[in-house]
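**Q** Supplied in structure tokens, the structure appears directly below.
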Amino acid sequence: MIAKQFKTLDQQIEIFKQKGLTVNNENYTKEVLLRENYFFINGYRHLFVKSKDDKTFRPGTTFEELYSLFLFDRSFRNILFKYLLVIENNLKSIISYQLSKKYGYREGDYLRPKNFTNKPEKQAQLNDLLKKMKRQIRVNGSQHSATLHYVSNYGYIPLWILVKVLSFGIVSEMFSVLKTEDQEEIADTYGLEPNLFMIYLPILANYRNLCAHEDILYENKTQKEINDTVYHQLLKIPKEDDEYIYGKNDVFALIIIMKQMLKYEDFKNMTIELENVIQTLNYNLKTIKIDVVLDRMGFPLNWSDLSKIERSRVDG
């Protein structure tokens, strides 16, 4: 295997030029590459190349246009991250309230195995999860200000404090090993069935981590698909081989999940923010149309109409 060699900024620009990218201002381009990293910006080239076989850029593609897609994805990612954190905080609050109300607020109470599912196939997962949560109590008991306060003053950490230091992934896993009646009560807060909740939570946790680590978002695909929803039908998303072509395992599927888990006003505000960054990108695109980007994201052209649909109309 041939090792990748270090390339100077001048060499990086030359590589772009050899691939057909127009560089109008080399000083500006160097400044951007120094700050943002050639590797990360180059990761956005796919929509601008001629074909799968010909990896050179479409004629007329400029560095500024390539960089605009990079900046769009950053803004898009930051908006989704903000509202994913709202969902995460709401979910942690609801779960901690329901479990504390039923099983108690000391870790010796709410972490008892009998409070969770007794399904044999879930016991190994449950035991591993309880170990993770107890480890978080040991680690954060003296390091996090909120947990330290409770340990120092009361000698225990209530669940509504512990969830603040638990990852979204652990909270998602915790839901999967709750008793059926607890899953139903929590999911019903959102007007959803537990089986849908179990599909949605890992997807939300995955995208939350993707956003936090600034990975490429707009064209991300998940391994699992979400179920068909009334939203697919109301937006008249086209089908191919009897399957919806958008909103199944793409970023728009995430938007559909968030529609069902955010308050109406929060989702409406998020839609407005997303529309603004899409319009900015549209203005900056020259060699491709915004439709190409939206298609890659799994967004139908009427995607923003989703914000106009009342939850009560869909979920009853």
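To be explicit about the labels: the chains of the structure tokens are called A, B, and onward in the order shown, and within each one the residues are counted from 1, while ligands get numbers from 1 in the order they are shown.
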Extract, using only C-alpha atoms, all DNA, RNA and protein residues at most 12 Å from Gln125 of chain A, discarding same-chain residues fewer than 6 positions from it, and format them as JSON, numbers by chain.
**A** {"A": [113, 116, 117, 118, 119, 131, 132, 170, 173, 174, 175, 176, 177, 178]}
**Q** Write a file of the selected residues as an mmCIF file, in the first residue's frame, keeping C-alpha atoms.
**A**
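Listed below is the output, out.cif:
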data_model
loop_
_atom_site.group_PDB
_atom_site.id
_atom_site.type_symbol
_atom_site.label_atom_id
_atom_site.label_comp_id
_atom_site.auth_asym_id
_atom_site.auth_seq_id
_atom_site.Cartn_x
_atom_site.Cartn_y
_atom_site.Cartn_z
ATOM 1 C CA PRO A 113 -32.994 -5.373 37.196
ATOM 2 C CA PHE A 116 -36.761 -3.734 33.346
ATOM 3 C CA THR A 117 -37.877 -6.392 30.880
ATOM 4 C CA ASN A 118 -37.655 -10.031 31.928
ATOM 5 C CA LYS A 119 -37.377 -11.334 28.367
ATOM 6 C CA LYS A 131 -23.016 -1.757 34.178
ATOM 7 C CA LYS A 132 -22.620 1.211 31.811
ATOM 8 C CA ILE A 170 -27.378 4.757 26.229
ATOM 9 C CA GLU A 173 -30.675 1.427 24.597
ATOM 10 C CA MET A 174 -32.353 1.876 27.976
ATOM 11 C CA PHE A 175 -35.715 2.375 26.280
ATOM 12 C CA SER A 176 -35.258 -0.926 24.418
ATOM 13 C CA VAL A 177 -34.989 -2.923 27.684
ATOM 14 C CA LEU A 178 -37.819 -1.251 29.592
#
**Q** Please provide the set of residues having any atom within 10 Å of Leu196 of chain A, restricted to only C-alpha atoms, with same-chain residues fewer than 2 positions apart removed, written as a ChimeraX atom specification.
**A** /A:187,192-194,198-201,226-227,257
**Q** Considering only C-alpha atoms, return as a PDB file with N, CA and C atoms, in the first residue's frame whatever protein or nucleic-acid residues lie within 10 Å of Trp303 of chain A, sequence-local ones (same chain, fewer than 5 positions apart) excluded.
**A**
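To be explicit, this is the file written out as around34.pdb:
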ATOM      1  N   LEU A 235     -47.396  14.184   1.265  1.00  0.00           N
ATOM      2  CA  LEU A 235     -46.458  14.937   0.424  1.00  0.00           C
ATOM      3  C   LEU A 235     -46.396  14.391  -1.001  1.00  0.00           C
ATOM      4  N   ILE A 237     -44.981  11.729  -2.163  1.00  0.00           N
ATOM      5  CA  ILE A 237     -43.635  11.294  -2.560  1.00  0.00           C
ATOM      6  C   ILE A 237     -43.757  10.160  -3.566  1.00  0.00           C
ATOM      7  N   GLY A 247     -37.279   9.765   1.974  1.00  0.00           N
ATOM      8  CA  GLY A 247     -37.786   9.699   3.341  1.00  0.00           C
ATOM      9  C   GLY A 247     -37.800   8.323   3.956  1.00  0.00           C
ATOM     10  N   PHE A 252     -33.994  13.048   4.834  1.00  0.00           N
ATOM     11  CA  PHE A 252     -35.401  13.432   4.956  1.00  0.00           C
ATOM     12  C   PHE A 252     -36.147  12.487   5.886  1.00  0.00           C
ATOM     13  N   ILE A 255     -35.834  14.035   9.089  1.00  0.00           N
ATOM     14  CA  ILE A 255     -36.743  15.169   9.217  1.00  0.00           C
ATOM     15  C   ILE A 255     -38.146  14.673   9.574  1.00  0.00           C
ATOM     16  N   ILE A 256     -38.570  13.570   8.996  1.00  0.00           N
ATOM     17  CA  ILE A 256     -39.888  13.007   9.285  1.00  0.00           C
ATOM     18  C   ILE A 256     -39.958  12.553  10.751  1.00  0.00           C
ATOM     19  N   THR A 271     -37.767  24.379  10.124  1.00  0.00           N
ATOM     20  CA  THR A 271     -38.016  24.396   8.676  1.00  0.00           C
ATOM     21  C   THR A 271     -37.622  25.729   8.066  1.00  0.00           C
ATOM     22  N   GLU A 275     -34.821  26.240   5.246  1.00  0.00           N
ATOM     23  CA  GLU A 275     -35.149  26.893   3.971  1.00  0.00           C
ATOM     24  C   GLU A 275     -34.155  27.996   3.651  1.00  0.00           C
ATOM     25  N   LEU A 294     -30.988  18.449  -3.385  1.00  0.00           N
ATOM     26  CA  LEU A 294     -32.160  17.986  -2.655  1.00  0.00           C
ATOM     27  C   LEU A 294     -32.411  16.508  -2.907  1.00  0.00           C
ATOM     28  N   GLY A 298     -32.548  13.322  -0.285  1.00  0.00           N
ATOM     29  CA  GLY A 298     -33.827  12.632  -0.130  1.00  0.00           C
ATOM     30  C   GLY A 298     -34.973  13.576   0.114  1.00  0.00           C
TER      31      GLY A 298
END
**Q** Per DSSP on the backbone, filter segment 101-301 of chain A down to the residues in helix (DSSP H, G or I) and report them as number ranges by chain.
**A** A: 101-103, 107-110, 113-115, 120-140, 145-154, 159-165, 168-176, 180-188, 194-212, 230-234, 251-261, 264-284, 290-297
**Q** So the first atom is atom CA of Ser145 of chain A and the second is atom CA of Trp160 of chain A; what is the distance between them in Å, to one decimal place?
**A**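 Separation of atom CA of Ser145 of chain A and atom CA of Trp160 of chain A: 14.1 Å.
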**Q** List every residue of segment 14-260 of chain A that DSSP, applied to the backbone of this structure, assigns to strand (DSSP E), and report them as a list in words.
**A**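 Here is the list: Lys239, Glu240, Glu243 and Tyr244 of chain A.
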**Q** Would you save the residues from that selection as a PDB file, in the first residue's frame, using C-alpha atoms?
**A**
ATOM      1  CA  LYS A 239     -42.630   5.459  -5.563  1.00  0.00           C
ATOM      2  CA  GLU A 240     -40.355   3.093  -7.430  1.00  0.00           C
ATOM      3  CA  GLU A 243     -41.228   1.875  -2.414  1.00  0.00           C
ATOM      4  CA  TYR A 244     -41.057   5.578  -1.601  1.00  0.00           C
TER       5      TYR A 244
END
**Q** Can you pull out the residues contacting segment 276-286 of chain A? Cut-off 12 Å, using only C-alpha atoms, and skip same-chain residues under 4 positions away; I want them as a PyMOL selection string.
**A** chain A and resi 47-48+58-80+218+269-272+290-294+297+299+301+303-304
**Q** What are the nearest atom pairs, with distances in Å to one decimal, for all residues of segment 182-237 of chain A that come at most 12 Å from segment 33-41 of chain A, using only C-alpha atoms, set out by chain and rising residue number as a Markdown table?
**A**
| residue | atom | partner | partner_atom | distance |
| --- | --- | --- | --- | --- |
| A:Glu214 | CA | A:Phe40 | CA | 10.0 |
| A:Asp215 | CA | A:Phe40 | CA | 8.9 |
| A:Ile216 | CA | A:Phe40 | CA | 8.6 |
**Q** Just the number, please: distance in Å from atom CA of Gln223 of chain A to atom CA of Asn249 of chain A, one decimal.
**A**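 For atom CA of Gln223 of chain A relative to atom CA of Asn249 of chain A, the distance reads 7.0 Å.
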**Q** Name all residues at most 8 Å from Ile13 of chain A (count only C-alpha atoms; drop same-chain ones fewer than 6 positions away) and give them as an NGL selection string.
**A** :A and (23 or 26 or 29-30)
**Q** Just C-alpha atoms for this one: save the residues we selected as an mmCIF file, in the first residue's frame.
**A**
data_model
loop_
_atom_site.group_PDB
_atom_site.id
_atom_site.type_symbol
_atom_site.label_atom_id
_atom_site.label_comp_id
_atom_site.auth_asym_id
_atom_site.auth_seq_id
_atom_site.Cartn_x
_atom_site.Cartn_y
_atom_site.Cartn_z
ATOM 1 C CA VAL A 23 -9.538 28.345 -9.037
ATOM 2 C CA GLU A 26 -5.412 31.296 -5.253
ATOM 3 C CA THR A 29 -8.296 29.262 -1.839
ATOM 4 C CA LYS A 30 -5.117 28.748 0.193
#
**Q** Would you mind listing what lies within 7 Å of Ser100 of chain A as a PyMOL selection string, with only C-alpha atoms counted and same-chain residues fewer than 4 positions away left out?
**A** chain A and resi 96+104-105+110+159
**Q** Give me the residues within 12 Å of Val151 of chain A as a PyMOL selection string, counting only C-alpha atoms and dropping any in the same chain fewer than 3 places off.
**A** chain A and resi 106-107+137-148+154-158+161-162
**Q** Between atom CA of Tyr207 of chain A and atom CA of Thr222 of chain A, measure the distance and give it in Å to one decimal.
**A**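 Interatomic distance here is 9.1 Å.
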